[in-house]
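my_file.tsv (TSV, C-alpha atoms) appears below.
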```tsv
chain	number	residue	atom	x	y	z
K	1	MET	CA	85.24	107.97	86.04
K	2	ALA	CA	87.60	109.33	88.67
K	3	THR	CA	91.39	109.42	88.28
K	4	TRP	CA	94.35	109.19	90.63
K	5	ARG	CA	95.89	112.49	91.75
K	6	VAL	CA	99.35	111.30	92.74
K	7	PRO	CA	102.01	113.81	93.90
K	8	SER	CA	105.15	113.94	91.80
K	9	GLN	CA	107.39	112.80	94.68
K	10	ILE	CA	105.59	109.43	94.76
K	11	SER	CA	107.68	108.25	91.78
K	12	GLU	CA	110.83	108.61	93.87
K	13	LEU	CA	109.29	106.57	96.68
K	14	VAL	CA	108.29	103.85	94.20
K	15	GLU	CA	111.85	103.64	92.90
K	16	HIS	CA	113.32	103.14	96.38
K	17	SER	CA	110.55	101.03	97.94
K	18	PRO	CA	112.10	97.63	96.97
K	19	TYR	CA	115.16	98.48	99.08
K	20	GLU	CA	113.17	99.07	102.29
K	21	THR	CA	112.93	95.36	103.20
K	22	ILE	CA	115.79	93.98	101.12
K	23	TYR	CA	117.81	93.04	104.22
K	24	LEU	CA	114.83	91.26	105.77
K	25	ARG	CA	114.24	89.33	102.54
K	26	ALA	CA	117.93	88.43	102.32
K	27	PHE	CA	117.98	87.29	105.96
K	28	ALA	CA	114.90	85.08	105.43
K	29	TRP	CA	116.50	83.45	102.38
K	30	VAL	CA	119.78	82.88	104.25
K	31	MET	CA	117.94	81.24	107.16
K	32	LEU	CA	115.89	79.08	104.79
K	33	LEU	CA	118.92	77.89	102.86
K	34	PHE	CA	120.87	77.37	106.09
K	35	ALA	CA	118.06	75.16	107.39
K	36	MET	CA	118.11	73.16	104.16
K	37	GLY	CA	121.87	72.74	104.40
K	38	TYR	CA	121.59	71.60	108.01
K	39	ASP	CA	118.91	69.11	106.95
K	40	PHE	CA	121.06	67.44	104.29
K	41	ILE	CA	124.39	67.60	106.11
K	42	ILE	CA	123.34	66.76	109.68
K	43	ALA	CA	119.65	65.98	110.23
K	44	ARG	CA	119.37	63.31	107.52
K	45	ARG	CA	122.28	61.37	109.06
K	46	TRP	CA	120.30	60.46	112.16
K	47	GLU	CA	119.17	56.84	112.13
K	48	VAL	CA	117.83	56.86	115.69
K	49	ASP	CA	114.12	57.61	115.53
K	50	LEU	CA	113.71	60.28	118.26
K	51	PRO	CA	116.69	62.49	117.27
K	52	ALA	CA	115.74	62.10	113.60
K	53	LEU	CA	112.17	63.21	114.26
K	54	THR	CA	113.25	66.12	116.48
K	55	SER	CA	115.76	67.34	113.89
K	56	ASP	CA	113.21	67.14	111.08
K	57	ILE	CA	110.61	69.08	113.05
K	58	GLN	CA	113.13	71.81	113.90
K	59	VAL	CA	114.42	72.09	110.33
K	60	PHE	CA	111.06	72.17	108.59
K	61	THR	CA	109.61	74.59	111.14
K	62	VAL	CA	112.39	77.03	110.25
K	63	VAL	CA	111.86	76.42	106.51
K	64	ILE	CA	108.11	77.01	106.63
K	65	VAL	CA	108.37	80.05	108.92
K	66	CYS	CA	110.96	81.60	106.59
K	67	GLN	CA	108.75	80.82	103.60
K	68	LEU	CA	105.73	82.51	105.22
K	69	CYS	CA	107.87	85.54	106.10
K	70	LEU	CA	109.01	85.80	102.47
K	71	VAL	CA	105.44	85.51	101.19
K	72	PHE	CA	104.41	88.32	103.54
K	73	LEU	CA	107.35	90.55	102.55
K	74	TYR	CA	106.88	90.01	98.80
K	75	THR	CA	103.11	90.53	99.02
K	76	ARG	CA	103.64	93.76	100.94
K	77	LEU	CA	106.26	94.88	98.43
K	78	SER	CA	104.12	94.18	95.37
K	79	ASN	CA	101.00	95.85	96.84
K	80	LYS	CA	102.73	98.78	98.56
K	81	ILE	CA	101.17	102.15	97.72
K	82	ASP	CA	102.57	105.39	99.11
K	83	LEU	CA	99.82	107.78	100.13
K	84	GLY	CA	101.86	110.69	101.44
K	85	PRO	CA	100.47	112.92	104.24
K	86	GLY	CA	97.86	111.72	106.72
K	87	LEU	CA	94.17	112.43	106.88
K	88	ARG	CA	94.25	115.35	109.29
K	89	ARG	CA	94.40	117.95	106.53
K	90	LEU	CA	91.27	116.44	104.92
K	91	ARG	CA	89.12	116.73	108.04
K	92	THR	CA	88.32	120.41	107.44
K	93	LYS	CA	87.10	119.63	103.90
K	94	ILE	CA	84.59	116.96	104.91
K	95	PRO	CA	80.96	118.11	105.27
K	96	GLY	CA	79.15	116.96	108.40
K	97	GLU	CA	80.15	114.61	111.19
K	98	ALA	CA	78.92	111.35	109.66
K	99	ALA	CA	82.09	110.76	107.59
K	100	VAL	CA	84.41	108.02	108.88
K	101	PRO	CA	88.09	107.48	108.00
K	102	VAL	CA	88.69	104.46	105.80
K	103	LEU	CA	91.33	102.73	103.69
K	104	VAL	CA	89.99	101.89	100.22
K	105	ASP	CA	91.47	99.26	97.88
K	106	ILE	CA	90.37	98.94	94.25
K	107	ILE	CA	90.47	95.28	93.20
K	108	GLN	CA	90.16	94.11	89.59
K	109	ALA	CA	90.44	90.45	88.59
K	110	ASP	CA	91.40	89.70	92.24
K	111	VAL	CA	94.38	92.09	91.95
K	112	VAL	CA	94.82	95.35	93.88
K	113	THR	CA	95.16	98.11	91.27
K	114	GLY	CA	94.93	101.16	93.52
K	115	SER	CA	94.51	102.30	97.11
K	116	ASP	CA	93.76	105.46	99.04
K	117	GLU	CA	92.92	106.75	102.50
K	118	GLY	CA	90.12	109.21	103.09
K	119	PHE	CA	86.63	109.73	104.47
K	120	ILE	CA	83.45	107.98	103.39
K	121	TRP	CA	79.82	108.86	104.09
K	122	ILE	CA	76.29	108.54	102.71
K	123	GLU	CA	74.25	111.63	101.92
K	124	SER	CA	70.92	111.95	100.08
K	125	GLY	CA	71.11	108.41	98.70
K	126	THR	CA	74.68	108.74	97.35
K	127	LEU	CA	77.85	107.16	98.76
K	128	TYR	CA	80.76	109.64	98.80
K	129	PHE	CA	84.49	109.04	99.20
K	130	LYS	CA	87.01	111.87	99.48
K	131	GLY	CA	90.61	110.71	99.76
K	132	LEU	CA	94.15	111.93	99.58
K	133	GLN	CA	94.60	110.91	95.95
K	134	THR	CA	91.12	110.42	94.51
K	135	VAL	CA	87.41	111.12	95.01
K	136	PHE	CA	84.40	109.15	93.83
K	137	ARG	CA	80.69	108.77	94.47
K	138	LEU	CA	78.41	105.82	93.87
K	139	ASN	CA	74.67	105.48	93.56
K	140	SER	CA	72.84	102.28	94.38
K	141	VAL	CA	72.16	101.57	90.67
K	142	ASP	CA	75.92	101.25	90.15
K	143	VAL	CA	76.28	98.53	92.77
K	144	SER	CA	75.49	94.87	92.20
K	145	PRO	CA	72.41	93.70	94.14
K	146	LEU	CA	73.27	91.94	97.38
K	147	GLY	CA	71.77	88.71	96.04
K	148	ASP	CA	74.54	88.56	93.42
K	149	TRP	CA	77.35	88.90	95.98
K	150	PRO	CA	79.31	85.84	97.16
K	151	ARG	CA	77.78	84.79	100.46
K	152	LYS	CA	81.08	84.95	102.36
K	153	ILE	CA	81.41	88.71	101.78
K	154	ARG	CA	77.71	89.60	101.78
K	155	PRO	CA	77.24	92.06	104.68
K	156	SER	CA	74.73	91.50	107.44
K	157	ILE	CA	74.82	93.34	110.74
K	158	ASP	CA	72.44	90.77	112.25
K	159	ARG	CA	74.83	87.92	111.37
K	160	GLY	CA	77.85	89.92	112.51
K	161	ILE	CA	79.27	90.44	109.00
K	162	PRO	CA	80.05	94.15	108.57
K	163	PRO	CA	80.29	95.62	105.05
K	164	ARG	CA	83.87	95.25	103.87
K	165	TYR	CA	83.32	95.30	100.09
K	166	ILE	CA	81.28	97.20	97.54
K	167	LEU	CA	80.81	95.33	94.25
K	168	PHE	CA	79.90	96.86	90.92
K	169	ARG	CA	80.02	95.53	87.39
K	170	TYR	CA	82.07	97.31	84.75
K	171	GLN	CA	82.50	96.04	81.19
K	172	ASN	CA	82.50	92.24	81.51
K	173	GLY	CA	83.88	91.93	85.02
K	174	THR	CA	83.23	92.80	88.65
K	175	VAL	CA	85.21	95.49	90.43
K	176	GLN	CA	85.56	95.31	94.20
K	177	VAL	CA	86.01	98.34	96.44
K	178	ARG	CA	87.43	96.96	99.68
K	179	LEU	CA	86.85	99.03	102.81
K	180	LYS	CA	88.92	98.95	105.99
K	181	MET	CA	87.98	101.30	108.80
K	182	ILE	CA	90.90	103.26	110.24
K	183	ASP	CA	91.09	103.00	114.06
K	184	PRO	CA	87.37	102.14	114.43
K	185	PHE	CA	87.78	101.35	118.16
K	186	MET	CA	89.87	104.35	119.16
K	187	ASP	CA	87.24	105.73	121.56
K	188	HIS	CA	83.53	105.48	122.29
K	189	ALA	CA	82.54	108.25	119.85
K	190	THR	CA	84.58	106.67	117.05
K	191	ARG	CA	83.11	103.21	117.70
K	192	ARG	CA	79.60	104.62	117.64
K	193	LYS	CA	80.21	106.56	114.41
K	194	SER	CA	81.76	103.51	112.69
K	195	HIS	CA	78.86	101.29	113.78
K	196	LEU	CA	76.28	103.81	112.55
K	197	PHE	CA	78.04	104.05	109.19
K	198	GLU	CA	78.17	100.26	108.81
K	199	ARG	CA	74.45	99.95	109.56
K	200	GLY	CA	73.70	102.80	107.17
K	201	LEU	CA	75.80	101.19	104.42
K	202	VAL	CA	74.03	97.84	104.79
K	203	LYS	CA	70.69	99.63	104.64
K	204	TRP	CA	71.83	101.58	101.56
K	205	LEU	CA	72.94	98.37	99.82
K	206	ALA	CA	69.71	96.55	100.67
K	207	GLU	CA	67.13	99.29	100.04
K	208	ARG	CA	68.93	100.84	97.03
K	209	PRO	CA	67.59	104.41	97.34
K	210	GLU	CA	67.73	106.82	94.42
K	211	GLY	CA	70.87	108.94	94.36
K	212	SER	CA	71.06	112.71	94.36
K	213	LEU	CA	74.05	113.29	92.02
K	214	GLU	CA	75.51	111.70	88.92
K	215	SER	CA	77.85	108.82	89.67
K	216	LEU	CA	81.63	109.19	89.55
K	217	LEU	CA	83.10	105.68	89.48
K	218	PRO	CA	86.34	104.86	91.33
K	219	PRO	CA	89.52	105.07	89.22
K	220	LEU	CA	90.18	101.85	87.31
K	221	ASP	CA	93.55	102.80	85.86
K	222	LEU	CA	96.69	101.55	87.60
K	223	HIS	CA	97.94	103.59	90.54
K	224	ASP	CA	101.35	105.18	89.94
K	225	SER	CA	102.84	103.38	92.96
K	226	LEU	CA	102.14	100.04	91.25
K	227	ARG	CA	103.83	100.94	87.96
K	228	HIS	CA	107.05	99.11	88.75
K	229	THR	CA	109.72	99.05	86.05
K	230	SER	CA	112.71	97.76	88.04
K	231	PRO	CA	113.80	94.10	88.01
K	232	PHE	CA	112.49	93.81	91.59
K	233	ARG	CA	108.94	93.51	90.23
K	234	LEU	CA	109.75	89.90	89.25
K	235	GLU	CA	111.54	89.00	92.48
K	236	GLY	CA	108.44	87.61	94.16
K	237	PHE	CA	107.53	85.45	91.15
K	238	PHE	CA	111.01	83.91	90.87
K	239	GLY	CA	111.13	83.57	94.65
K	240	GLY	CA	107.94	81.51	94.48
K	241	LEU	CA	109.47	79.29	91.81
K	242	LEU	CA	112.54	78.78	94.00
K	243	MET	CA	110.25	77.76	96.87
K	244	VAL	CA	108.66	75.19	94.56
K	245	GLY	CA	112.13	73.88	93.74
K	246	ILE	CA	113.04	73.59	97.42
K	247	GLY	CA	109.81	71.72	98.15
K	248	ALA	CA	110.43	69.38	95.21
K	249	LEU	CA	113.97	68.72	96.48
K	250	ILE	CA	112.61	67.80	99.90
K	251	LEU	CA	110.11	65.43	98.28
K	252	LEU	CA	112.66	63.78	96.00
K	253	THR	CA	115.18	63.22	98.80
K	254	ALA	CA	112.68	62.21	101.50
K	255	ARG	CA	113.68	58.99	103.20
K	256	HIS	CA	111.53	55.92	102.68
K	257	GLY	CA	111.42	52.76	104.69
K	258	HIS	CA	109.34	49.75	105.50
K	259	ASN	CA	110.19	49.51	109.19
K	260	GLY	CA	106.93	49.98	111.02
K	261	LEU	CA	108.56	50.09	114.44
K	262	GLY	CA	109.50	53.15	116.43
K	263	LEU	CA	109.15	56.71	115.17
K	264	MET	CA	110.87	56.31	111.79
K	265	PRO	CA	107.55	56.06	109.84
K	266	ILE	CA	106.62	59.41	111.37
K	267	VAL	CA	109.98	60.79	110.25
K	268	TYR	CA	109.29	59.67	106.67
K	269	ALA	CA	105.78	61.16	106.76
K	270	THR	CA	107.13	64.44	108.18
K	271	GLU	CA	109.60	64.84	105.32
K	272	LEU	CA	106.99	64.05	102.68
K	273	SER	CA	104.43	66.38	104.27
K	274	ALA	CA	106.94	69.21	104.58
K	275	GLY	CA	108.02	68.88	100.95
K	276	LEU	CA	104.44	68.85	99.75
K	277	LEU	CA	103.49	71.87	101.90
K	278	VAL	CA	106.48	73.95	100.78
K	279	SER	CA	105.79	73.08	97.13
K	280	VAL	CA	102.08	73.94	97.30
K	281	LEU	CA	102.66	77.24	99.14
K	282	GLY	CA	105.39	78.20	96.69
K	283	ALA	CA	103.29	77.32	93.64
K	284	ARG	CA	100.26	79.26	94.88
K	285	PHE	CA	102.40	82.28	95.68
K	286	ALA	CA	104.19	82.19	92.31
K	287	LEU	CA	100.85	82.00	90.50
K	288	SER	CA	99.44	84.92	92.49
K	289	GLN	CA	102.53	87.01	91.75
K	290	TRP	CA	102.31	86.20	88.04
K	291	ARG	CA	98.62	87.10	88.03
K	292	ASP	CA	99.40	90.45	89.68
K	293	ILE	CA	102.14	91.21	87.15
K	294	LYS	CA	99.97	90.23	84.19
K	295	VAL	CA	96.93	92.29	85.23
K	296	ARG	CA	98.97	95.35	86.18
K	297	ASN	CA	101.04	95.23	82.98
K	298	ARG	CA	97.81	95.12	80.99
K	299	LEU	CA	96.43	98.14	82.82
K	300	ALA	CA	99.72	100.04	82.56
K	301	ALA	CA	99.88	99.46	78.80
K	302	ASN	CA	96.38	100.80	78.12
K	303	VAL	CA	95.66	104.50	77.89
K	304	PRO	CA	92.73	105.19	80.27
K	305	GLN	CA	89.65	106.21	78.31
K	306	PRO	CA	85.89	106.27	78.96
K	307	LEU	CA	84.25	102.93	78.26
K	308	GLU	CA	80.60	102.00	78.03
K	309	LYS	CA	79.28	100.69	81.31
K	310	LYS	CA	77.30	97.49	80.90
K	311	PHE	CA	75.30	96.80	84.01
K	312	GLN	CA	71.74	95.55	84.25
K	313	ASP	CA	70.03	96.40	87.52
K	314	HIS	CA	67.80	93.77	89.08
```
Transcribe the structure of this file into structure tokens.
Amino acid sequence: MATWRVPSQISELVEHSPYETIYLRAFAWVMLLFAMGYDFIIARRWEVDLPALTSDIQVFTVVIVCQLCLVFLYTRLSNKIDLGPGLRRLRTKIPGEAAVPVLVDIIQADVVTGSDEGFIWIESGTLYFKGLQTVFRLNSVDVSPLGDWPRKIRPSIDRGIPPRYILFRYQNGTVQVRLKMIDPFMDHATRRKSHLFERGLVKWLAERPEGSLESLLPPLDLHDSLRHTSPFRLEGFFGGLLMVGIGALILLTARHGHNGLGLMPIVYATELSAGLLVSVLGARFALSQWRDIKVRNRLAANVPQPLEKKFQDH
């Protein structure tokens, strides 16, 4: 199994990474809380249907936009991996012209546990990846048969679904290697090379040719950039819980009425819908953050060691 080769200066970047967007996160929270204050102090006082509806739409639009911005910022913060220098210095070490630049994410239990940029290609029945911080190679016997893949991610050039994942079983679970081409449409030559690689990868996955070298599985230990020890690692989780609280507050204080005339029933429905949406989004985000923390803490606590691979080819 491969390992991560992380430069020593990465630890300094990890320590300071939470501060990169701290002002954006603070601004989003201020705007969200300001909108909530405006809702309770001013917007809820309207008894005329049109101004009440307009105020509610404006307030809850700001609340939901701020919530989505916070979800994006916290997700980016929790999954941020510093890769150091670009790919140019690797180009001279890549054999042949078939290799294409790609961003690779290692996903275990639906959680990103590592990432790298590098070049990927197929040669003599073996899939090779050479990156800035790791290298690995896979043979078709390592990869789950396409029939076992979820249909939504199963590649098919004919159906317009390019290969974006490589799935292989390890121990009692499935590991996903997510692929994202880097600048695949930069010019005609790059587009052609990316398209040829995608077709070749689908063919490799479907025909499962015999490999030429022993497999070297991708690293399954936790990347150093994800070994957070600062209190900021829990910020996203508690932020999600606060979003749930805000949504619950909107629901509990939503106005109710039995007047079926005018726009007031729409006002009541808007408040209930907004509270429910904010609560659901916050709960889902908090659960995803807790799952990330739990899986990464488990990986960080274990000393990486060779384990028996249990995979039955079909």
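You will find atom CA of Leu272 of chain K at 13.4 Å from atom CA of Val59 of chain K.
Atom CA of Arg296 of chain K to atom CA of Asp224 of chain K spans 10.8 Å [interatomic distance, one decimal].
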(request) Counting only C-alpha atoms, figure out which residue out of K:Phe285, K:Glu123, K:Ser55, K:Val244 gets nearest to Ile42 of chain K. (result) K:Ser55
(request) Give as an MDAnalysis selection string the set of residues within 12 Å of the point (117.5, 75.1, 104.7), where distances use the file's coordinates and all atoms listed in the file. (result) chainID K and resid 28:43 56 58:67 243 246:247 249:250 275 278
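The gap separating atom CA of Ala99 of chain K from atom CA of Ala189 of chain K is 12.5 Å, in Å to one decimal.
Minimum atom-to-atom distances from K:Thr54, K:Ser140, K:Ser288, K:Ser273 to Glu214 of chain K were compared using all atoms listed in the file, and the lowest value belongs to K:Ser140.
Between Pro265 of chain K and the residues K:Leu53, K:Val141, K:Leu179, K:Leu201, the shortest atom-to-atom distance, using all atoms listed in the file, involves K:Leu53.
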(request) List the neighbours of Tyr128 of chain K out to 9 Å using all atoms listed in the file; skip same-chain residues closer than 5 positions along the sequence, and give me the result as an NGL selection string. (result) :K and (99 or 119-123 or 135-138)
Please identify all polymer residues lying at most 12 Å from the point (110.5, 89.2, 87.5) (file coordinates), using all atoms listed in the file, and present the result as a CSV table (one decimal) with C-alpha atoms, in the frame of the given file.
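Here's the written file out14.csv:
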```
chain,number,residue,atom,x,y,z
K,74,TYR,CA,106.9,90.0,98.8
K,78,SER,CA,104.1,94.2,95.4
K,228,HIS,CA,107.0,99.1,88.8
K,229,THR,CA,109.7,99.0,86.0
K,230,SER,CA,112.7,97.8,88.0
K,231,PRO,CA,113.8,94.1,88.0
K,232,PHE,CA,112.5,93.8,91.6
K,233,ARG,CA,108.9,93.5,90.2
K,234,LEU,CA,109.8,89.9,89.2
K,235,GLU,CA,111.5,89.0,92.5
K,236,GLY,CA,108.4,87.6,94.2
K,237,PHE,CA,107.5,85.4,91.2
K,238,PHE,CA,111.0,83.9,90.9
K,239,GLY,CA,111.1,83.6,94.6
K,240,GLY,CA,107.9,81.5,94.5
K,241,LEU,CA,109.5,79.3,91.8
K,286,ALA,CA,104.2,82.2,92.3
K,289,GLN,CA,102.5,87.0,91.8
K,290,TRP,CA,102.3,86.2,88.0
K,292,ASP,CA,99.4,90.4,89.7
K,293,ILE,CA,102.1,91.2,87.2
K,294,LYS,CA,100.0,90.2,84.2
```
(request) Find the spatial neighbours of Leu83 of chain K, counting all atoms listed in the file, within a cut-off of 8 Å - ignore same-chain residues fewer than 3 positions away - and output them as a ChimeraX atom specification. (result) /K:86,116-117,132-133
(request) With a distance cut-off of 10 Å and only C-alpha atoms, select the neighbouring residues of Ser212 of chain K, excluding the residue or stretch itself and same-chain residues fewer than 3 positions from it, and output the selection as a PyMOL selection string. (result) chain K and resi 123-127+139+209+215
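Here the question is which of K:Arg192, K:Gly200, K:Gln108, K:Gly118 gets nearest to Asn172 of chain K using all atoms listed in the file, and that residue is K:Gln108.
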(request) Could you tell me which of K:Val280, K:Ala254, K:Leu196, K:Ala206 comes closest to Ala98 of chain K if we count all atoms listed in the file? (result) K:Leu196
(message) Let me make sure I understand: among K:Val104, K:Cys69, K:Leu299, K:Val143, which one has the smallest atom-to-atom distance to Leu222 of chain K if we use only C-alpha atoms?
(response) K:Leu299
(request) Fewer than 4 positions away in the same chain doesn't count, so skip those; otherwise give me all residues within 10 Å of Asn302 of chain K, counting only C-alpha atoms, as a PyMOL selection string. (result) chain K and resi 221-222+297-298
Save out the residues we just selected, C-alpha atoms, as an mmCIF file, in the frame of the given file.
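Below you can see result.cif, which holds the result:
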```
data_model
loop_
_atom_site.group_PDB
_atom_site.id
_atom_site.type_symbol
_atom_site.label_atom_id
_atom_site.label_comp_id
_atom_site.auth_asym_id
_atom_site.auth_seq_id
_atom_site.Cartn_x
_atom_site.Cartn_y
_atom_site.Cartn_z
ATOM 1 C CA ASP K 221 93.550 102.800 85.860
ATOM 2 C CA LEU K 222 96.690 101.550 87.600
ATOM 3 C CA ASN K 297 101.040 95.230 82.980
ATOM 4 C CA ARG K 298 97.810 95.120 80.990
#
```
Centre, edges in Å (one decimal): axis-aligned box, segment 72-76 of chain K, 5 Å padding on all six sides, as AutoDock Vina command-line options:
```
--center_x 105.2 --center_y 91.0 --center_z 101.2 --size_x 14.2 --size_y 15.4 --size_z 14.7
```
Should you be able to, write segment 202-222 of chain K of this structure into a file that contains N, CA, C and O atoms, as a CSV table (one decimal), in the first residue's frame.
```csv
chain,number,residue,atom,x,y,z
K,202,VAL,N,-12.6,3.4,-19.5
K,202,VAL,CA,-13.9,2.7,-19.5
K,202,VAL,C,-13.6,1.3,-20.1
K,202,VAL,O,-14.1,0.3,-19.6
K,203,LYS,N,-12.8,1.2,-21.1
K,203,LYS,CA,-12.4,-0.1,-21.7
K,203,LYS,C,-11.7,-0.9,-20.7
K,203,LYS,O,-11.9,-2.1,-20.6
K,204,TRP,N,-10.8,-0.3,-20.0
K,204,TRP,CA,-10.0,-1.1,-19.0
K,204,TRP,C,-10.9,-1.6,-17.9
K,204,TRP,O,-10.7,-2.7,-17.4
K,205,LEU,N,-11.8,-0.8,-17.5
K,205,LEU,CA,-12.8,-1.2,-16.4
K,205,LEU,C,-13.7,-2.3,-16.9
K,205,LEU,O,-14.0,-3.2,-16.1
K,206,ALA,N,-14.1,-2.3,-18.2
K,206,ALA,CA,-15.0,-3.3,-18.7
K,206,ALA,C,-14.4,-4.6,-19.1
K,206,ALA,O,-14.8,-5.7,-18.8
K,207,GLU,N,-13.2,-4.5,-19.7
K,207,GLU,CA,-12.5,-5.7,-20.2
K,207,GLU,C,-11.6,-6.4,-19.2
K,207,GLU,O,-11.3,-7.5,-19.3
K,208,ARG,N,-11.2,-5.6,-18.2
K,208,ARG,CA,-10.4,-6.1,-17.1
K,208,ARG,C,-9.2,-6.9,-17.6
K,208,ARG,O,-9.1,-8.1,-17.3
K,209,PRO,N,-8.3,-6.3,-18.3
K,209,PRO,CA,-7.1,-7.0,-18.8
K,209,PRO,C,-6.1,-7.3,-17.6
K,209,PRO,O,-6.2,-6.7,-16.6
K,210,GLU,N,-5.3,-8.3,-17.9
K,210,GLU,CA,-4.3,-8.7,-16.9
K,210,GLU,C,-3.2,-7.6,-16.8
K,210,GLU,O,-2.7,-7.1,-17.8
K,211,GLY,N,-2.8,-7.3,-15.5
K,211,GLY,CA,-1.8,-6.2,-15.3
K,211,GLY,C,-0.4,-6.7,-15.5
K,211,GLY,O,-0.1,-7.9,-15.6
K,212,SER,N,0.5,-5.8,-15.6
K,212,SER,CA,1.9,-6.1,-15.9
K,212,SER,C,2.8,-6.0,-14.6
K,212,SER,O,3.9,-6.6,-14.6
K,213,LEU,N,2.3,-5.3,-13.6
K,213,LEU,CA,3.1,-5.2,-12.4
K,213,LEU,C,2.3,-5.5,-11.1
K,213,LEU,O,1.0,-5.4,-11.2
K,214,GLU,N,2.9,-5.7,-10.0
K,214,GLU,CA,2.2,-5.9,-8.8
K,214,GLU,C,1.5,-4.6,-8.4
K,214,GLU,O,2.0,-3.5,-8.6
K,215,SER,N,0.3,-4.8,-7.8
K,215,SER,CA,-0.5,-3.6,-7.4
K,215,SER,C,0.1,-2.9,-6.3
K,215,SER,O,0.8,-3.5,-5.4
K,216,LEU,N,-0.1,-1.6,-6.3
K,216,LEU,CA,0.3,-0.7,-5.1
K,216,LEU,C,-0.9,0.2,-4.8
K,216,LEU,O,-1.2,1.1,-5.6
K,217,LEU,N,-1.7,-0.2,-3.8
K,217,LEU,CA,-3.0,0.4,-3.6
K,217,LEU,C,-2.8,1.9,-3.1
K,217,LEU,O,-1.7,2.2,-2.5
K,218,PRO,N,-3.8,2.7,-3.3
K,218,PRO,CA,-3.7,4.1,-2.9
K,218,PRO,C,-3.6,4.2,-1.4
K,218,PRO,O,-4.0,3.3,-0.7
K,219,PRO,N,-3.0,5.2,-0.8
K,219,PRO,CA,-2.8,5.3,0.6
K,219,PRO,C,-4.2,5.5,1.3
K,219,PRO,O,-5.0,6.3,0.9
K,220,LEU,N,-4.4,4.7,2.4
K,220,LEU,CA,-5.6,4.7,3.1
K,220,LEU,C,-5.5,5.3,4.5
K,220,LEU,O,-6.5,5.3,5.2
K,221,ASP,N,-4.3,5.7,4.8
K,221,ASP,CA,-4.1,6.5,6.1
K,221,ASP,C,-4.5,7.9,5.9
K,221,ASP,O,-4.7,8.4,4.7
K,222,LEU,N,-4.7,8.7,6.9
K,222,LEU,CA,-5.2,10.0,6.8
K,222,LEU,C,-4.1,11.0,6.4
K,222,LEU,O,-3.0,10.9,6.9
```
